[in-house]
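data_28.cif follows; it contains mmCIF, N, CA and C atoms.
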data_protein
loop_
_atom_site.label_atom_id
_atom_site.label_comp_id
_atom_site.auth_asym_id
_atom_site.auth_seq_id
_atom_site.Cartn_x
_atom_site.Cartn_y
_atom_site.Cartn_z
N MET A 81 -21.99 10.88 10.25
CA MET A 81 -20.63 10.67 9.82
C MET A 81 -20.06 9.45 10.53
N ALA A 82 -19.55 8.46 9.79
CA ALA A 82 -19.01 7.24 10.39
C ALA A 82 -17.50 7.37 10.56
N VAL A 83 -16.99 6.81 11.66
CA VAL A 83 -15.55 6.77 11.87
C VAL A 83 -15.08 5.38 11.51
N HIS A 84 -14.05 5.28 10.67
CA HIS A 84 -13.48 4.00 10.26
C HIS A 84 -12.46 3.57 11.30
N ALA A 85 -12.69 2.43 11.93
CA ALA A 85 -11.84 1.97 13.03
C ALA A 85 -10.41 1.73 12.61
N GLU A 86 -10.18 1.16 11.41
CA GLU A 86 -8.82 0.82 11.01
C GLU A 86 -7.94 2.03 10.76
N SER A 87 -8.51 3.18 10.44
CA SER A 87 -7.68 4.35 10.17
C SER A 87 -8.09 5.57 10.97
N ASP A 88 -9.15 5.46 11.77
CA ASP A 88 -9.65 6.59 12.55
C ASP A 88 -9.94 7.81 11.69
N THR A 89 -10.55 7.61 10.53
CA THR A 89 -10.90 8.74 9.68
C THR A 89 -12.41 8.90 9.66
N TYR A 90 -12.84 10.12 9.45
CA TYR A 90 -14.26 10.37 9.28
C TYR A 90 -14.62 10.12 7.83
N GLU A 91 -15.70 9.39 7.63
CA GLU A 91 -16.15 9.08 6.27
C GLU A 91 -16.42 10.37 5.52
N GLY A 92 -15.82 10.49 4.34
CA GLY A 92 -16.06 11.65 3.50
C GLY A 92 -15.13 12.81 3.78
N GLU A 93 -14.38 12.78 4.87
CA GLU A 93 -13.51 13.90 5.18
C GLU A 93 -12.06 13.63 4.86
N GLY A 94 -11.60 12.36 4.92
CA GLY A 94 -10.21 12.05 4.63
C GLY A 94 -9.26 12.68 5.63
N ARG A 95 -9.66 12.78 6.87
CA ARG A 95 -8.84 13.46 7.86
C ARG A 95 -8.74 12.57 9.09
N GLU A 96 -7.52 12.19 9.45
CA GLU A 96 -7.34 11.33 10.61
C GLU A 96 -7.56 12.12 11.88
N LEU A 97 -8.07 11.46 12.90
CA LEU A 97 -8.25 12.12 14.19
C LEU A 97 -6.92 12.66 14.66
N GLY A 98 -6.89 13.84 15.18
CA GLY A 98 -5.64 14.45 15.61
C GLY A 98 -5.01 15.28 14.50
N GLY A 99 -5.57 15.27 13.30
CA GLY A 99 -5.11 16.14 12.23
C GLY A 99 -3.91 15.65 11.46
N VAL A 100 -3.45 14.42 11.68
CA VAL A 100 -2.25 13.95 11.00
C VAL A 100 -2.45 13.84 9.50
N HIS A 101 -3.63 13.46 9.06
CA HIS A 101 -3.87 13.27 7.63
C HIS A 101 -4.72 14.38 7.04
N GLU A 102 -4.49 15.59 7.42
CA GLU A 102 -5.26 16.69 6.85
C GLU A 102 -5.18 16.62 5.33
N GLY A 103 -6.31 16.69 4.66
CA GLY A 103 -6.33 16.70 3.21
C GLY A 103 -6.29 15.32 2.58
N GLY A 104 -6.33 14.25 3.35
CA GLY A 104 -6.36 12.91 2.80
C GLY A 104 -5.11 12.13 3.11
N HIS A 105 -5.13 10.87 2.70
CA HIS A 105 -3.99 10.00 2.91
C HIS A 105 -2.87 10.37 1.95
N GLY A 106 -1.67 9.94 2.25
CA GLY A 106 -0.51 10.29 1.45
C GLY A 106 -0.59 9.84 0.01
N TYR A 107 -1.32 8.76 -0.25
CA TYR A 107 -1.38 8.21 -1.61
C TYR A 107 -2.43 8.87 -2.49
N VAL A 108 -3.13 9.86 -2.00
CA VAL A 108 -4.22 10.48 -2.77
C VAL A 108 -3.75 10.93 -4.15
N ALA A 109 -2.58 11.54 -4.23
CA ALA A 109 -2.08 12.03 -5.52
C ALA A 109 -1.79 10.89 -6.49
N ASP A 110 -1.47 9.71 -5.97
CA ASP A 110 -1.14 8.55 -6.81
C ASP A 110 -2.27 7.54 -6.88
N LYS A 111 -3.43 7.89 -6.38
CA LYS A 111 -4.52 6.92 -6.26
C LYS A 111 -4.88 6.26 -7.60
N GLN A 112 -5.01 7.04 -8.66
CA GLN A 112 -5.36 6.46 -9.96
C GLN A 112 -4.25 5.53 -10.47
N ARG A 113 -3.00 5.96 -10.32
CA ARG A 113 -1.88 5.14 -10.77
C ARG A 113 -1.80 3.84 -9.98
N VAL A 114 -1.98 3.92 -8.67
CA VAL A 114 -1.92 2.72 -7.82
C VAL A 114 -3.09 1.80 -8.14
N THR A 115 -4.27 2.36 -8.30
CA THR A 115 -5.44 1.56 -8.63
C THR A 115 -5.26 0.85 -9.97
N ALA A 116 -4.74 1.55 -10.96
CA ALA A 116 -4.52 0.93 -12.27
C ALA A 116 -3.51 -0.22 -12.16
N ARG A 117 -2.44 -0.01 -11.41
CA ARG A 117 -1.45 -1.07 -11.22
C ARG A 117 -2.06 -2.27 -10.52
N LEU A 118 -2.85 -2.03 -9.49
CA LEU A 118 -3.47 -3.13 -8.76
C LEU A 118 -4.44 -3.92 -9.64
N LYS A 119 -5.13 -3.24 -10.53
CA LYS A 119 -6.03 -3.94 -11.45
C LYS A 119 -5.24 -4.81 -12.43
N ARG A 120 -4.07 -4.31 -12.87
CA ARG A 120 -3.21 -5.13 -13.73
C ARG A 120 -2.70 -6.35 -12.96
N ILE A 121 -2.31 -6.15 -11.72
CA ILE A 121 -1.83 -7.26 -10.90
C ILE A 121 -2.94 -8.28 -10.69
N GLU A 122 -4.15 -7.79 -10.46
CA GLU A 122 -5.30 -8.69 -10.31
C GLU A 122 -5.44 -9.57 -11.55
N GLY A 123 -5.27 -8.98 -12.72
CA GLY A 123 -5.33 -9.75 -13.96
C GLY A 123 -4.20 -10.77 -14.05
N GLN A 124 -3.02 -10.38 -13.59
CA GLN A 124 -1.89 -11.32 -13.59
C GLN A 124 -2.18 -12.51 -12.68
N VAL A 125 -2.77 -12.25 -11.52
CA VAL A 125 -3.07 -13.33 -10.58
C VAL A 125 -4.13 -14.26 -11.18
N ARG A 126 -5.12 -13.69 -11.84
CA ARG A 126 -6.11 -14.53 -12.52
C ARG A 126 -5.45 -15.40 -13.59
N ALA A 127 -4.48 -14.83 -14.28
CA ALA A 127 -3.77 -15.59 -15.31
C ALA A 127 -3.01 -16.76 -14.69
N VAL A 128 -2.44 -16.56 -13.51
CA VAL A 128 -1.74 -17.65 -12.82
C VAL A 128 -2.74 -18.77 -12.49
N THR A 129 -3.92 -18.40 -12.04
CA THR A 129 -4.95 -19.40 -11.75
C THR A 129 -5.28 -20.21 -13.01
N ARG A 130 -5.44 -19.50 -14.13
CA ARG A 130 -5.72 -20.20 -15.40
C ARG A 130 -4.57 -21.12 -15.79
N MET A 131 -3.35 -20.67 -15.53
CA MET A 131 -2.18 -21.50 -15.86
C MET A 131 -2.24 -22.81 -15.09
N ILE A 132 -2.60 -22.74 -13.83
CA ILE A 132 -2.72 -23.96 -13.01
C ILE A 132 -3.84 -24.84 -13.54
N GLU A 133 -4.98 -24.22 -13.83
CA GLU A 133 -6.11 -24.97 -14.36
C GLU A 133 -5.77 -25.64 -15.69
N ASP A 134 -4.89 -25.00 -16.47
CA ASP A 134 -4.51 -25.53 -17.79
C ASP A 134 -3.28 -26.43 -17.73
N ASP A 135 -2.81 -26.75 -16.53
CA ASP A 135 -1.64 -27.62 -16.34
C ASP A 135 -0.39 -27.07 -17.01
N THR A 136 -0.16 -25.78 -16.87
CA THR A 136 1.02 -25.13 -17.44
C THR A 136 2.26 -25.59 -16.69
N TYR A 137 3.37 -25.64 -17.40
CA TYR A 137 4.66 -26.07 -16.85
C TYR A 137 5.00 -25.28 -15.59
N CYS A 138 5.49 -25.96 -14.57
CA CYS A 138 5.75 -25.38 -13.24
C CYS A 138 6.59 -24.11 -13.30
N ILE A 139 7.67 -24.14 -14.04
CA ILE A 139 8.59 -22.99 -14.09
C ILE A 139 7.90 -21.77 -14.69
N ASP A 140 7.05 -21.99 -15.68
CA ASP A 140 6.31 -20.87 -16.27
C ASP A 140 5.36 -20.25 -15.24
N VAL A 141 4.71 -21.08 -14.43
CA VAL A 141 3.83 -20.58 -13.39
C VAL A 141 4.64 -19.80 -12.36
N LEU A 142 5.76 -20.36 -11.94
CA LEU A 142 6.61 -19.69 -10.96
C LEU A 142 7.12 -18.35 -11.49
N THR A 143 7.42 -18.28 -12.76
CA THR A 143 7.87 -17.03 -13.37
C THR A 143 6.77 -15.97 -13.26
N GLN A 144 5.54 -16.36 -13.52
CA GLN A 144 4.43 -15.42 -13.44
C GLN A 144 4.16 -15.01 -11.99
N ILE A 145 4.31 -15.94 -11.06
CA ILE A 145 4.14 -15.60 -9.64
C ILE A 145 5.21 -14.59 -9.23
N SER A 146 6.42 -14.79 -9.70
CA SER A 146 7.49 -13.85 -9.40
C SER A 146 7.19 -12.46 -9.95
N ALA A 147 6.63 -12.41 -11.14
CA ALA A 147 6.24 -11.12 -11.74
C ALA A 147 5.15 -10.44 -10.91
N CYS A 148 4.18 -11.21 -10.41
CA CYS A 148 3.13 -10.66 -9.55
C CYS A 148 3.73 -10.10 -8.26
N ASP A 149 4.65 -10.85 -7.69
CA ASP A 149 5.30 -10.42 -6.46
C ASP A 149 6.06 -9.11 -6.67
N LYS A 150 6.80 -9.03 -7.76
CA LYS A 150 7.55 -7.81 -8.07
C LYS A 150 6.61 -6.62 -8.27
N ALA A 151 5.50 -6.86 -8.95
CA ALA A 151 4.53 -5.79 -9.20
C ALA A 151 3.91 -5.30 -7.89
N LEU A 152 3.57 -6.22 -6.99
CA LEU A 152 3.02 -5.81 -5.69
C LEU A 152 4.04 -5.03 -4.87
N LYS A 153 5.29 -5.45 -4.92
CA LYS A 153 6.33 -4.71 -4.19
C LYS A 153 6.51 -3.31 -4.76
N SER A 154 6.34 -3.17 -6.06
CA SER A 154 6.43 -1.87 -6.68
C SER A 154 5.32 -0.94 -6.16
N VAL A 155 4.12 -1.46 -6.03
CA VAL A 155 3.00 -0.69 -5.48
C VAL A 155 3.29 -0.35 -4.02
N ALA A 156 3.81 -1.32 -3.28
CA ALA A 156 4.13 -1.07 -1.86
C ALA A 156 5.14 0.06 -1.72
N LEU A 157 6.12 0.11 -2.60
CA LEU A 157 7.12 1.18 -2.53
C LEU A 157 6.52 2.55 -2.84
N ILE A 158 5.58 2.60 -3.77
CA ILE A 158 4.89 3.86 -4.06
C ILE A 158 4.13 4.33 -2.82
N LEU A 159 3.40 3.40 -2.20
CA LEU A 159 2.62 3.74 -1.01
C LEU A 159 3.52 4.14 0.15
N LEU A 160 4.64 3.44 0.31
CA LEU A 160 5.58 3.78 1.37
C LEU A 160 6.16 5.18 1.16
N ASP A 161 6.54 5.46 -0.06
CA ASP A 161 7.08 6.79 -0.38
C ASP A 161 6.05 7.88 -0.09
N ASP A 162 4.81 7.63 -0.51
CA ASP A 162 3.75 8.60 -0.24
C ASP A 162 3.52 8.76 1.27
N HIS A 163 3.56 7.65 1.99
CA HIS A 163 3.35 7.70 3.44
C HIS A 163 4.46 8.51 4.12
N LEU A 164 5.69 8.26 3.73
CA LEU A 164 6.81 8.99 4.34
C LEU A 164 6.75 10.48 4.02
N ASN A 165 6.43 10.79 2.78
CA ASN A 165 6.45 12.19 2.35
C ASN A 165 5.20 12.97 2.71
N HIS A 166 4.17 12.30 3.16
CA HIS A 166 2.96 13.02 3.56
C HIS A 166 2.65 12.78 5.04
N CYS A 167 2.29 11.56 5.37
CA CYS A 167 1.82 11.26 6.72
C CYS A 167 2.92 11.44 7.77
N VAL A 168 4.09 10.86 7.50
CA VAL A 168 5.18 10.95 8.46
C VAL A 168 5.70 12.38 8.54
N ARG A 169 5.85 13.01 7.39
CA ARG A 169 6.33 14.41 7.38
C ARG A 169 5.39 15.32 8.20
N THR A 170 4.08 15.14 8.02
CA THR A 170 3.11 15.93 8.76
C THR A 170 3.21 15.66 10.27
N ALA A 171 3.37 14.39 10.62
CA ALA A 171 3.48 14.02 12.04
C ALA A 171 4.75 14.60 12.66
N VAL A 172 5.84 14.57 11.90
CA VAL A 172 7.10 15.12 12.42
C VAL A 172 6.96 16.62 12.69
N LYS A 173 6.24 17.32 11.83
CA LYS A 173 6.00 18.75 12.05
C LYS A 173 5.22 18.97 13.34
N GLN A 174 4.30 18.05 13.65
CA GLN A 174 3.51 18.16 14.88
C GLN A 174 4.37 17.85 16.10
N GLY A 175 5.30 16.90 15.93
CA GLY A 175 6.20 16.53 17.01
C GLY A 175 5.54 15.66 18.07
N GLY A 176 6.27 15.42 19.14
CA GLY A 176 5.75 14.68 20.28
C GLY A 176 5.42 13.23 19.97
N ASP A 177 4.40 12.71 20.68
CA ASP A 177 4.00 11.31 20.55
C ASP A 177 3.50 10.98 19.16
N VAL A 178 2.84 11.93 18.52
CA VAL A 178 2.33 11.70 17.16
C VAL A 178 3.49 11.37 16.22
N ALA A 179 4.56 12.14 16.31
CA ALA A 179 5.73 11.90 15.47
C ALA A 179 6.37 10.57 15.80
N ASP A 180 6.52 10.28 17.09
CA ASP A 180 7.12 9.01 17.50
C ASP A 180 6.30 7.82 16.99
N ASP A 181 4.98 7.91 17.10
CA ASP A 181 4.11 6.83 16.65
C ASP A 181 4.21 6.62 15.14
N LYS A 182 4.19 7.71 14.37
CA LYS A 182 4.27 7.58 12.91
C LYS A 182 5.63 7.05 12.48
N LEU A 183 6.69 7.47 13.13
CA LEU A 183 8.02 6.96 12.78
C LEU A 183 8.13 5.47 13.10
N ARG A 184 7.61 5.07 14.25
CA ARG A 184 7.63 3.65 14.63
C ARG A 184 6.80 2.84 13.63
N GLU A 185 5.66 3.36 13.27
CA GLU A 185 4.78 2.70 12.31
C GLU A 185 5.50 2.52 10.96
N ALA A 186 6.19 3.56 10.51
CA ALA A 186 6.94 3.50 9.25
C ALA A 186 8.08 2.49 9.34
N GLU A 187 8.79 2.48 10.46
CA GLU A 187 9.87 1.51 10.66
C GLU A 187 9.34 0.08 10.57
N ASP A 188 8.21 -0.17 11.21
CA ASP A 188 7.60 -1.50 11.17
C ASP A 188 7.20 -1.90 9.75
N ALA A 189 6.62 -0.95 9.02
CA ALA A 189 6.21 -1.23 7.64
C ALA A 189 7.41 -1.54 6.76
N ILE A 190 8.49 -0.80 6.94
CA ILE A 190 9.71 -1.03 6.15
C ILE A 190 10.28 -2.39 6.49
N ALA A 191 10.29 -2.74 7.78
CA ALA A 191 10.79 -4.06 8.19
C ALA A 191 9.97 -5.18 7.56
N ARG A 192 8.65 -5.02 7.52
CA ARG A 192 7.80 -6.05 6.89
C ARG A 192 8.12 -6.18 5.40
N LEU A 193 8.33 -5.05 4.73
CA LEU A 193 8.65 -5.10 3.30
C LEU A 193 9.99 -5.77 3.05
N VAL A 194 10.97 -5.47 3.89
CA VAL A 194 12.29 -6.05 3.72
C VAL A 194 12.25 -7.56 3.95
N ARG A 195 11.45 -8.00 4.91
CA ARG A 195 11.36 -9.44 5.21
C ARG A 195 10.59 -10.21 4.14
N SER A 196 9.74 -9.53 3.40
CA SER A 196 8.91 -10.26 2.44
C SER A 196 9.66 -10.62 1.17
#
Represent the structure contained in this file as structure tokens.
Amino acid sequence: MAVHAESDTYEGEGRELGGVHEGGHGYVADKQRVTARLKRIEGQVRAVTRMIEDDTYCIDVLTQISACDKALKSVALILLDDHLNHCVRTAVKQGGDVADDKLREAEDAIARLVRS
């Protein structure tokens, strides 16, 4: 069984060390929806590349980039909602340092989203 360093999960178990992610990550229920959206966004980004290659008018390219940005932010909000309602909620039930760490982590993620 391999441990993934970036998330401290056991491969195949979907459970973070310390039990915070029992049953998988918060986005598990939305995984298909998020994956489908990301594939659409990937197609949009490829289209922007083609627009540049085809010498498309600048404003049209910028409009498409704006649409890609909005779509990515939409996915980020889904993931944030899932994180708050699963991972953070579970950590708060555990209390102590685990809760403090998850709340701080969520605050940092929200700050990054607001700045972007």
task: Evaluate the PyMOL selection byres (((chain A and resi 148 and name CA) around 10) and name CA) here and jot the selected residues down as a VMD selection string.
output: chain A and resid 120 to 125 128 142 to 147 149 to 154
Box in all listed atoms of range 175-183 of chain A, axis-aligned, with 5 Å more on each side; write out centre and edge lengths in Å to one decimal as AutoDock Vina command-line options.
--center_x 5.2 --center_y 11.2 --center_z 16.6 --size_x 15.8 --size_y 21.4 --size_z 18.2
- request: May I have all residues of range 95-194 of chain A that DSSP, computed from the backbone, assigns to helix (DSSP H, G or I), given as an NGL selection string?
  value: :A and (106-133 or 138-174 or 176-194)
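Between Leu160 in chain A and the candidates A:Gly104, A:Ala189, A:Val194, A:Ala127, the tightest atom-to-atom separation, counting all atoms listed in the file, involves A:Ala189.
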- request: Rounded to one decimal place, report the CA of His163 in chain A-CA of Tyr107 in chain A distance in Å.
  value: 6.9 Å
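The neighbours of Val155 in chain A here are the residues that come within 12 Å of it, using only C-alpha atoms and leaving out any residue fewer than 6 positions away in the same chain; they are Tyr107, Asp110, Lys111, Gln112, Arg113, Val114, Thr115, Ala116, Arg117, Leu118, Lys119, Arg120, Ile121, Cys148, Asp149, Asp161, Asp162 and Leu193 of chain A.
Here CA of Arg192 in chain A stands at a distance of 24.5 Å from atom C of Gly175 in chain A.
You will find atom C of Val108 in chain A at 20.3 Å from atom N of Ile190 in chain A.
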- request: Can you turn the PyMOL selection byres (((chain A and resi 166-169 and name CA) around 7) and name CA) into a concrete residue list for this file, as a list in words?
  value: Val100, His101, Gly106, Asp162, His163, Leu164, Asn165, Thr170, Ala171, Val172, Lys173, Lys182 and Leu183 of chain A
- prompt: If you run DSSP on this backbone, which residues of chain A come out as strand (DSSP E or B), and could you give them as a ChimeraX atom specification?
  reply: /A:83-84,89-90,96
